[in-house]
Amino acid sequence: MTHSSSYLRSHRKRSGMSLKEIARILGYLHSGEISRHERLTSVPSLRAALRYEALYQVPIRKLFPALFEEEQKQVEEHLSILFDECYRSTARGRIGAMIARKLEWAWERANEDQSSLFDFPEHA
């Protein structure tokens, strides 16, 4: 798996901070790991990615667009296989109800923008 780009370096450069300063902010002892994350020769852990998001105030998917697209493609492929199996199923009863729920969720997921028109804000 090769990941061609991240926007970490451009955000760091825009901030005016050095690799060493970013490493210190994110809790690393050395700046080498930050450099590897910027070049994507090392994929950051989830915690590190969340720290980058908190630091730069940019969603992870926008900091690592190539990596996100790779993972999104894989998830969509696996979901497609699962939903195809559900559509072909002739199960009834409890299993049929579980399959129906999966298909309902798939529809909601595919129509998220439209269904959000009817969502009401939650009250605290």
# chains A, B, ... in the order shown; residues from 1 in each chain; ligands from 1
call {"tool": "residues_around", "arguments": {"residues": "range 17-25 of chain A", "least_positions_apart": "3", "cutoff": "10 Å", "atoms": "only C-alpha atoms", "output": "PyMOL selection string"}}
result
chain A and resi 9+11-14+28-35+38+51-52+55
call {"tool": "write_last_selection", "arguments": {"atoms": "C-alpha atoms", "output": "PDB file, in the first residue's frame"}}
result
ATOM      1  CA  ARG A   9       3.806  19.504   5.997  1.00  0.00           C
ATOM      2  CA  HIS A  11      -0.078  22.912   7.643  1.00  0.00           C
ATOM      3  CA  ARG A  12       3.135  22.833   9.658  1.00  0.00           C
ATOM      4  CA  LYS A  13       4.828  25.289   7.291  1.00  0.00           C
ATOM      5  CA  ARG A  14       1.801  27.601   7.427  1.00  0.00           C
ATOM      6  CA  TYR A  28       7.005  12.704  20.585  1.00  0.00           C
ATOM      7  CA  LEU A  29      10.565  12.759  21.865  1.00  0.00           C
ATOM      8  CA  HIS A  30      12.063  13.131  18.380  1.00  0.00           C
ATOM      9  CA  SER A  31      10.986  14.890  15.210  1.00  0.00           C
ATOM     10  CA  GLY A  32      11.758  11.932  12.921  1.00  0.00           C
ATOM     11  CA  GLU A  33       8.318  10.403  13.368  1.00  0.00           C
ATOM     12  CA  ILE A  34       6.658  13.700  12.398  1.00  0.00           C
ATOM     13  CA  SER A  35       8.779  13.810   9.254  1.00  0.00           C
ATOM     14  CA  GLU A  38       4.464  14.109   6.632  1.00  0.00           C
ATOM     15  CA  ARG A  51      -3.731  14.973  17.684  1.00  0.00           C
ATOM     16  CA  TYR A  52      -2.915  16.346  14.233  1.00  0.00           C
ATOM     17  CA  LEU A  55      -3.601  20.815  16.373  1.00  0.00           C
TER      18      LEU A  55
END
call {"tool": "residues_around", "arguments": {"residues": "range 64-76 of chain A", "least_positions_apart": "4", "cutoff": "12 Å", "atoms": "only C-alpha atoms", "output": "PyMOL selection string"}}
result
chain A and resi 1-11+37-44+49-50+52-53+58-60+80-83+106+109-110
call {"tool": "write_last_selection", "arguments": {"atoms": "N, CA and C atoms", "output": "compact mmCIF listing (two decimals), in the first residue's frame"}}
result
# COMPACT_ATOMS: atom_id res chain seq x y z
N MET A 1 0.84 -1.18 0.00
CA MET A 1 0.00 0.00 0.00
C MET A 1 0.88 1.24 0.00
N THR A 2 0.67 2.09 -0.96
CA THR A 2 1.41 3.34 -0.98
C THR A 2 0.43 4.49 -0.83
N HIS A 3 0.79 5.43 -0.03
CA HIS A 3 -0.05 6.59 0.23
C HIS A 3 0.72 7.79 -0.28
N SER A 4 0.17 8.46 -1.27
CA SER A 4 0.97 9.47 -1.96
C SER A 4 1.02 10.83 -1.28
N SER A 5 0.03 11.16 -0.44
CA SER A 5 0.10 12.51 0.08
C SER A 5 -0.56 12.69 1.43
N SER A 6 -0.03 13.66 2.13
CA SER A 6 -0.66 14.17 3.34
C SER A 6 -0.46 15.67 3.29
N TYR A 7 -1.28 16.38 4.01
CA TYR A 7 -1.14 17.83 4.05
C TYR A 7 -0.52 18.31 5.36
N LEU A 8 0.11 17.39 6.07
CA LEU A 8 0.73 17.77 7.34
C LEU A 8 1.82 18.81 7.16
N ARG A 9 2.67 18.59 6.19
CA ARG A 9 3.81 19.50 6.00
C ARG A 9 3.32 20.91 5.67
N SER A 10 2.34 21.01 4.77
CA SER A 10 1.86 22.35 4.40
C SER A 10 1.21 23.05 5.60
N HIS A 11 0.50 22.30 6.44
CA HIS A 11 -0.08 22.91 7.64
C HIS A 11 1.01 23.32 8.63
N HIS A 37 5.55 10.91 9.12
CA HIS A 37 4.10 11.11 8.92
C HIS A 37 3.85 12.08 7.77
N GLU A 38 4.63 13.13 7.71
CA GLU A 38 4.46 14.11 6.63
C GLU A 38 4.69 13.48 5.26
N ARG A 39 5.67 12.59 5.18
CA ARG A 39 5.99 11.93 3.91
C ARG A 39 5.18 10.66 3.71
N LEU A 40 4.42 10.25 4.73
CA LEU A 40 3.63 9.02 4.75
C LEU A 40 4.47 7.77 4.52
N THR A 41 5.71 7.83 4.98
CA THR A 41 6.49 6.60 4.99
C THR A 41 6.14 5.81 6.25
N SER A 42 5.45 6.46 7.17
CA SER A 42 4.90 5.83 8.38
C SER A 42 3.50 6.42 8.59
N VAL A 43 2.52 5.54 8.70
CA VAL A 43 1.15 6.00 8.93
C VAL A 43 0.98 6.24 10.42
N PRO A 44 0.50 7.42 10.80
CA PRO A 44 0.34 7.70 12.23
C PRO A 44 -0.74 6.83 12.86
N ALA A 49 -3.12 10.75 14.71
CA ALA A 49 -3.94 11.41 13.70
C ALA A 49 -4.94 12.36 14.35
N LEU A 50 -5.53 11.93 15.46
CA LEU A 50 -6.46 12.80 16.18
C LEU A 50 -5.75 14.01 16.76
N TYR A 52 -3.12 15.44 15.37
CA TYR A 52 -2.92 16.35 14.23
C TYR A 52 -4.21 17.11 13.95
N GLU A 53 -5.33 16.41 13.99
CA GLU A 53 -6.61 17.07 13.75
C GLU A 53 -6.85 18.17 14.79
N VAL A 58 -8.25 20.54 11.40
CA VAL A 58 -8.61 20.03 10.08
C VAL A 58 -8.95 18.56 10.25
N PRO A 59 -10.09 18.09 9.69
CA PRO A 59 -10.44 16.68 9.82
C PRO A 59 -9.36 15.75 9.27
N ILE A 60 -9.22 14.60 9.89
CA ILE A 60 -8.21 13.62 9.49
C ILE A 60 -8.30 13.31 8.00
N SER A 80 -20.47 -3.41 -0.32
CA SER A 80 -21.18 -3.84 -1.52
C SER A 80 -21.37 -5.35 -1.53
N ILE A 81 -20.34 -6.08 -1.16
CA ILE A 81 -20.42 -7.54 -1.10
C ILE A 81 -21.43 -7.96 -0.04
N LEU A 82 -21.36 -7.36 1.13
CA LEU A 82 -22.28 -7.69 2.21
C LEU A 82 -23.72 -7.40 1.82
N PHE A 83 -23.98 -6.23 1.23
CA PHE A 83 -25.34 -5.86 0.85
C PHE A 83 -25.86 -6.74 -0.27
N ALA A 106 -28.35 0.58 5.08
CA ALA A 106 -27.69 0.86 3.80
C ALA A 106 -28.42 1.96 3.05
N ARG A 109 -27.80 5.26 4.81
CA ARG A 109 -26.43 5.68 4.54
C ARG A 109 -26.32 6.29 3.14
N ALA A 110 -26.96 5.65 2.17
CA ALA A 110 -26.91 6.13 0.78
C ALA A 110 -27.68 7.42 0.59
call {"tool": "atom_distance", "arguments": {"atom1": "CA of Arg47 in chain A", "atom2": "CA of Gly27 in chain A"}}
result
10.7 Å
call {"tool": "atom_distance", "arguments": {"atom1": "CA of Arg61 in chain A", "atom2": "CA of Ser45 in chain A"}}
result
13.8 Å
